[in-house]
Amino acid sequence: MTEDIAIIGMACRVPGATSPEALWRNLFAGVDPIRRYSDEELRAAGVEESLLRDPGLVRAVGHLTGIADFDAEFFGYSADEAAQLDPQHRLLLETSWSAFEDAGYDPASCPDTGVFASVSPSWYEHYRLAGAWPGAHPVGAATDHAAARVSYALGLSGPSLAVQSACSSSLVAVCLAAQNLADFRCDLALAGAAAIPYPARLAADDGLVSLSGRCRTFDADADGSVFGSGSGAVLLKRLADALDDGDAIHAVIRGWAINNDGDRPEYRTPSGSGQAAVVLEALRAAEFDAVSYVEAHGSGTLLGDALEVDALDRAFRLAGIPGCLLGSVKPAIGHLDGASGVVGLIKSALVARHGTVPPTAHFRRPNPHLPLSGAFTVNTEPFELIAPRRVGVSSFGLGGTNAHVLLEQPPPLPRPAACSQHLLVLSARSPQALATVSAQLRDHLDRSPDLPLADVAFTLATGRRAWPFRQFEIVANGSPSTELANLGRLWTEGGTPDWSAVFAPGHRRVWLPTYPFERTHQWAKGVPVLPE
């Protein structure tokens with residue numbers, strides 16, 4: 001049995017969504033964020049004429065808005081430094097900060113945090129340095145430095161490792177983060193990835209890239225994946241500590257495993273035995289006797305999908321577990337390369353938390369090679385799960401490095417004692433950002449009427465960095481107390497109230513909107529970028 005690990009914070013930016021909540025809504029609404037570009041748009045973005053003439057060019061992209069924009073000042077970069085920095089690093093920085101805030105923590109209060117992160121190889125650097133003098137490669141631009149850059153920017157001194165295993169990188173990072181927590185190498189661990197692919201790709205002969213421009217996982221018309229840009233990050237803590245610390249918990253990681261396919265006929269060909277072995281190892285670590293749903297790697301190839309389901313079937317049979325529902329996030333947002341695994345984990349944590357499985361996009365009729373039976377079924381409609389809700393997540397990298405993680409629904413948490421008055425404190429780096437922070441909170445509270453205001457007040461006061469521009473509001477059933485009003489004035493004048501005297505033990509953190517970055521255009525001249 002492994003140490004139980006709580007997912008206490010999550011953040012993502014993916015095609016069509018800027019948060020896990022937005023992604024969740026899109027999956028049920030059938031939002032299609034895959035953008036198809038004309039030759040004129042691709043040409044304007046710098047795509048070579050030879051590619052435009054190639055019949056194998058795929059013009060569909062899971063496009064992320066705002067790729068060229070970054071809140072440089074927030075992370076202490078000048079405009080010139082930000083333009084030199086690989087946009088994948090920039091995306092990872094912002095997502096990592098948001099994961100901390102989602103958990104209700106200022107990174108400055110958690111210096112022991114470990115970081116396990118990945119970015120894809122940088123085509124941005126290739127274009128930025130074209131024609132530049134020798135030695136112009138900036139320090140810290142390589143994939144090796146992604147995790148260390150997050151540790152540096154957020155002031156984190158725990159283990160910091162770049163994880164590179166192709167498409168499985170970010171789920172492998174989650175497994176390494178969980179293991180470091182289980183081994184008491186750190187008390188918090190951040191795992192994540194960012195990927196921004198080149199604006200145009202060719203459909204390969206092996207069917208990895210979809211010439212039709214549509215990822216149809218498990219479908220008879222599957223012809224590969226559409227690639228897209230995105231980022232995801234999760235903040236992890238040992239479950240016992242999370243419960244003691246009053247953390248909100250999205251889901252609990254009960255088991256994980258990593259392996260490699262080893263020797264096989266061809267390097268790019270996956271191994272069913274390797275995939276089955278990693279799933280079986282995770283199942284045995286979690287000691288599950290049933291699984292409700294598996295978020296498949298779902299590459300959208302006829303061979304790969306069939307092999308994956310066959311491997312699941314073998315592993316479940318050996319573990320004595322009946323089959324379950326299957327799905328994949330890739331058809332809905334595209335294949336996010338090394339970031340795909342952590343985004344699949346975020347979706348799966350929401351499945352475990354909310355108890356509903358969203359439909360699998362673009363599935364019409366099953367791939368005839370799938371060993372589907374009564375054991376495994378591709379989910380096509382919203383489906384309500386019964387407790388205990390247990391969810392598996394698979395991610396397989398080109399080259400054979402496989403990862404599987406098993407989640408369970410979060411434990412029930414006590415509600416705080418009723419209170420008649422609440423001091424809500426807000427801050428931001430500018431008046432414009434403060435207005436956005438206030439509007440976001442009001443909208444969130446309107447959509448979450450059952451959210452305990454005592455916990456909202458606690459999270460805002462203790463789980464956010466205090467920025468220069470501030471405001472407060474007292475929510476009271478009657479006349480606000482003089483004590484709270486004085487604390488509010490102290491706050492707006494730049495003071496630091498003694499929050500331990502305000503909040504009695506027993507308050508819990510809750511999920512609230514994260515900081516609204518004030519992004520500006522930061523993009524090097526001569527580097528192609530797709531139009532919004």
# chains A, B, ... in the order shown; residues from 1 in each chain; ligands from 1
$ residues_around --residues "region 62-78 of chain A" --least-positions-apart "5" --cutoff "7 Å" --atoms "only C-alpha atoms" --output "number ranges by chain"
A: 14-15, 33-35, 87, 90, 153, 226-230, 333-334, 517-523, 532
$ residues_around --residues "Leu51 (chain A)" --least-positions-apart "4" --cutoff "10 Å" --atoms "only C-alpha atoms" --output "PyMOL selection string"
chain A and resi 42-43+47+55-58+200-202
$ select_by_dssp --residues "region 11-255 of chain A" --states "alpha helix (DSSP H)" --output "PyMOL selection string"
chain A and resi 20-29+39-44+49-53+79-84+87-103+123-128+146-154+169-182+239-244
$ residues_around --residues "Arg509 (chain A)" --least-positions-apart "5" --cutoff "12 Å" --atoms "only C-alpha atoms" --output "number ranges by chain"
A: 8-9, 100-105, 242-250, 413-416, 451-464, 503
$ residues_around --residues "Arg470 (chain A)" --least-positions-apart "2" --cutoff "10 Å" --atoms "only C-alpha atoms" --output "PyMOL selection string"
chain A and resi 425-431+434-435+466-468+472+488-489+491-494
$ write_last_selection --atoms "N, CA, C and O atoms" --output "PDB file, in the first residue's frame"
ATOM      1  N   VAL A 425     -11.077  40.249   2.571  1.00  0.00           N
ATOM      2  CA  VAL A 425      -9.996  41.153   2.181  1.00  0.00           C
ATOM      3  C   VAL A 425      -9.474  40.761   0.807  1.00  0.00           C
ATOM      4  O   VAL A 425      -9.277  39.580   0.510  1.00  0.00           O
ATOM      5  N   LEU A 426      -9.266  41.759  -0.033  1.00  0.00           N
ATOM      6  CA  LEU A 426      -8.785  41.551  -1.401  1.00  0.00           C
ATOM      7  C   LEU A 426      -7.594  42.451  -1.650  1.00  0.00           C
ATOM      8  O   LEU A 426      -7.498  43.551  -1.088  1.00  0.00           O
ATOM      9  N   SER A 427      -6.697  42.015  -2.545  1.00  0.00           N
ATOM     10  CA  SER A 427      -5.574  42.862  -2.937  1.00  0.00           C
ATOM     11  C   SER A 427      -5.127  42.487  -4.336  1.00  0.00           C
ATOM     12  O   SER A 427      -5.430  41.399  -4.841  1.00  0.00           O
ATOM     13  N   ALA A 428      -4.387  43.392  -4.979  1.00  0.00           N
ATOM     14  CA  ALA A 428      -3.871  43.159  -6.326  1.00  0.00           C
ATOM     15  C   ALA A 428      -2.695  44.097  -6.571  1.00  0.00           C
ATOM     16  O   ALA A 428      -2.394  44.983  -5.760  1.00  0.00           O
ATOM     17  N   ARG A 429      -2.062  43.919  -7.719  1.00  0.00           N
ATOM     18  CA  ARG A 429      -0.879  44.723  -8.051  1.00  0.00           C
ATOM     19  C   ARG A 429      -1.230  46.037  -8.729  1.00  0.00           C
ATOM     20  O   ARG A 429      -0.356  46.867  -8.946  1.00  0.00           O
ATOM     21  N   SER A 430      -2.482  46.209  -9.124  1.00  0.00           N
ATOM     22  CA  SER A 430      -2.905  47.447  -9.778  1.00  0.00           C
ATOM     23  C   SER A 430      -4.384  47.666  -9.490  1.00  0.00           C
ATOM     24  O   SER A 430      -5.107  46.713  -9.160  1.00  0.00           O
ATOM     25  N   PRO A 431      -4.871  48.915  -9.630  1.00  0.00           N
ATOM     26  CA  PRO A 431      -6.307  49.151  -9.436  1.00  0.00           C
ATOM     27  C   PRO A 431      -7.167  48.358 -10.403  1.00  0.00           C
ATOM     28  O   PRO A 431      -8.244  47.868 -10.040  1.00  0.00           O
ATOM     29  N   LEU A 434      -7.331  44.810  -9.215  1.00  0.00           N
ATOM     30  CA  LEU A 434      -8.157  44.722  -8.015  1.00  0.00           C
ATOM     31  C   LEU A 434      -9.638  44.711  -8.375  1.00  0.00           C
ATOM     32  O   LEU A 434     -10.426  43.952  -7.778  1.00  0.00           O
ATOM     33  N   ALA A 435     -10.018  45.523  -9.347  1.00  0.00           N
ATOM     34  CA  ALA A 435     -11.415  45.522  -9.782  1.00  0.00           C
ATOM     35  C   ALA A 435     -11.796  44.160 -10.351  1.00  0.00           C
ATOM     36  O   ALA A 435     -12.903  43.655 -10.116  1.00  0.00           O
ATOM     37  N   ALA A 466      -0.386  39.431  -0.074  1.00  0.00           N
ATOM     38  CA  ALA A 466      -0.916  40.777   0.147  1.00  0.00           C
ATOM     39  C   ALA A 466      -0.221  41.753  -0.801  1.00  0.00           C
ATOM     40  O   ALA A 466       0.955  42.075  -0.632  1.00  0.00           O
ATOM     41  N   TRP A 467      -0.966  42.226  -1.810  1.00  0.00           N
ATOM     42  CA  TRP A 467      -0.418  43.164  -2.794  1.00  0.00           C
ATOM     43  C   TRP A 467      -0.726  44.601  -2.377  1.00  0.00           C
ATOM     44  O   TRP A 467      -1.547  44.836  -1.468  1.00  0.00           O
ATOM     45  N   PRO A 468      -0.141  45.598  -3.039  1.00  0.00           N
ATOM     46  CA  PRO A 468      -0.270  46.991  -2.573  1.00  0.00           C
ATOM     47  C   PRO A 468      -1.676  47.583  -2.648  1.00  0.00           C
ATOM     48  O   PRO A 468      -2.063  48.374  -1.778  1.00  0.00           O
ATOM     49  N   PHE A 472     -11.604  45.987   1.321  1.00  0.00           N
ATOM     50  CA  PHE A 472     -12.239  44.982   2.177  1.00  0.00           C
ATOM     51  C   PHE A 472     -13.746  45.188   2.150  1.00  0.00           C
ATOM     52  O   PHE A 472     -14.258  46.247   1.765  1.00  0.00           O
ATOM     53  N   GLY A 488     -10.220  45.900   8.852  1.00  0.00           N
ATOM     54  CA  GLY A 488     -10.331  46.220   7.441  1.00  0.00           C
ATOM     55  C   GLY A 488      -9.568  47.486   7.096  1.00  0.00           C
ATOM     56  O   GLY A 488      -8.877  47.551   6.061  1.00  0.00           O
ATOM     57  N   ARG A 489      -9.669  48.510   7.942  1.00  0.00           N
ATOM     58  CA  ARG A 489      -8.939  49.753   7.683  1.00  0.00           C
ATOM     59  C   ARG A 489      -7.423  49.531   7.789  1.00  0.00           C
ATOM     60  O   ARG A 489      -6.652  50.066   6.980  1.00  0.00           O
ATOM     61  N   TRP A 491      -5.916  46.820   7.088  1.00  0.00           N
ATOM     62  CA  TRP A 491      -5.573  46.103   5.855  1.00  0.00           C
ATOM     63  C   TRP A 491      -5.402  47.077   4.684  1.00  0.00           C
ATOM     64  O   TRP A 491      -4.393  47.026   3.961  1.00  0.00           O
ATOM     65  N   THR A 492      -6.354  47.959   4.476  1.00  0.00           N
ATOM     66  CA  THR A 492      -6.296  48.873   3.329  1.00  0.00           C
ATOM     67  C   THR A 492      -5.163  49.887   3.460  1.00  0.00           C
ATOM     68  O   THR A 492      -4.684  50.416   2.454  1.00  0.00           O
ATOM     69  N   GLU A 493      -4.721  50.141   4.681  1.00  0.00           N
ATOM     70  CA  GLU A 493      -3.610  51.078   4.888  1.00  0.00           C
ATOM     71  C   GLU A 493      -2.249  50.398   4.748  1.00  0.00           C
ATOM     72  O   GLU A 493      -1.205  51.033   4.951  1.00  0.00           O
ATOM     73  N   GLY A 494      -2.262  49.097   4.390  1.00  0.00           N
ATOM     74  CA  GLY A 494      -1.006  48.378   4.172  1.00  0.00           C
ATOM     75  C   GLY A 494      -0.515  47.606   5.366  1.00  0.00           C
ATOM     76  O   GLY A 494       0.600  47.059   5.340  1.00  0.00           O
TER      77      GLY A 494
END
$ select_by_dssp --residues "region 169-242 of chain A" --states "strand (DSSP E or B)" --output "PyMOL selection string"
chain A and resi 189-195+201-202+209+219+225+227-228+230-238
$ atom_distance --atom1 "CA of Gly272 (chain A)" --atom2 "CA of Ala195 (chain A)"
26.7 Å
$ decode --residues "region 217-234 of chain A" --atoms "N, CA, C and O atoms" --output "compact mmCIF listing (two decimals), in the first residue's frame"
# COMPACT_ATOMS: atom_id res chain seq x y z
N THR A 217 -10.79 9.39 -30.62
CA THR A 217 -10.35 8.28 -29.78
C THR A 217 -11.41 7.19 -29.72
O THR A 217 -12.59 7.47 -29.51
N PHE A 218 -10.98 5.94 -29.93
CA PHE A 218 -11.81 4.73 -29.88
C PHE A 218 -12.77 4.60 -31.06
O PHE A 218 -13.53 3.63 -31.14
N ASP A 219 -12.78 5.54 -31.97
CA ASP A 219 -13.75 5.54 -33.06
C ASP A 219 -13.21 4.79 -34.28
O ASP A 219 -11.99 4.71 -34.50
N ALA A 220 -14.13 4.25 -35.08
CA ALA A 220 -13.75 3.51 -36.28
C ALA A 220 -13.04 4.39 -37.30
O ALA A 220 -12.28 3.90 -38.14
N ASP A 221 -13.28 5.70 -37.27
CA ASP A 221 -12.65 6.63 -38.21
C ASP A 221 -11.41 7.30 -37.63
O ASP A 221 -10.92 8.30 -38.19
N ALA A 222 -10.90 6.80 -36.52
CA ALA A 222 -9.73 7.40 -35.90
C ALA A 222 -8.54 7.38 -36.85
O ALA A 222 -8.24 6.35 -37.46
N ASP A 223 -7.88 8.52 -36.99
CA ASP A 223 -6.70 8.58 -37.85
C ASP A 223 -5.57 9.38 -37.20
O ASP A 223 -4.73 9.95 -37.88
N GLY A 224 -5.56 9.43 -35.87
CA GLY A 224 -4.49 10.12 -35.18
C GLY A 224 -5.00 11.29 -34.35
O GLY A 224 -6.19 11.50 -34.19
N SER A 225 -4.07 12.06 -33.83
CA SER A 225 -4.39 13.16 -32.94
C SER A 225 -4.22 14.51 -33.64
O SER A 225 -3.43 14.66 -34.56
N VAL A 226 -4.98 15.48 -33.17
CA VAL A 226 -4.74 16.89 -33.47
C VAL A 226 -3.95 17.44 -32.29
O VAL A 226 -4.35 17.27 -31.15
N PHE A 227 -2.84 18.10 -32.56
CA PHE A 227 -2.03 18.60 -31.47
C PHE A 227 -2.45 20.01 -31.08
O PHE A 227 -2.99 20.75 -31.89
N GLY A 228 -2.22 20.34 -29.81
CA GLY A 228 -2.64 21.64 -29.32
C GLY A 228 -1.71 22.17 -28.25
O GLY A 228 -0.79 21.48 -27.79
N SER A 229 -1.94 23.41 -27.86
CA SER A 229 -1.14 24.08 -26.84
C SER A 229 -1.89 24.07 -25.52
O SER A 229 -3.12 24.15 -25.49
N GLY A 230 -1.14 24.02 -24.43
CA GLY A 230 -1.79 24.09 -23.13
C GLY A 230 -0.83 23.82 -22.00
O GLY A 230 0.34 23.50 -22.20
N SER A 231 -1.36 23.96 -20.80
CA SER A 231 -0.56 23.77 -19.60
C SER A 231 -1.46 23.29 -18.47
O SER A 231 -2.64 23.63 -18.42
N GLY A 232 -0.89 22.52 -17.58
CA GLY A 232 -1.63 22.08 -16.40
C GLY A 232 -0.67 21.87 -15.24
O GLY A 232 0.51 21.55 -15.44
N ALA A 233 -1.16 22.06 -14.03
CA ALA A 233 -0.34 21.84 -12.84
C ALA A 233 -1.24 21.43 -11.68
O ALA A 233 -2.38 21.88 -11.58
N VAL A 234 -0.71 20.57 -10.82
CA VAL A 234 -1.42 20.15 -9.62
C VAL A 234 -0.49 20.31 -8.42
O VAL A 234 0.72 20.13 -8.53
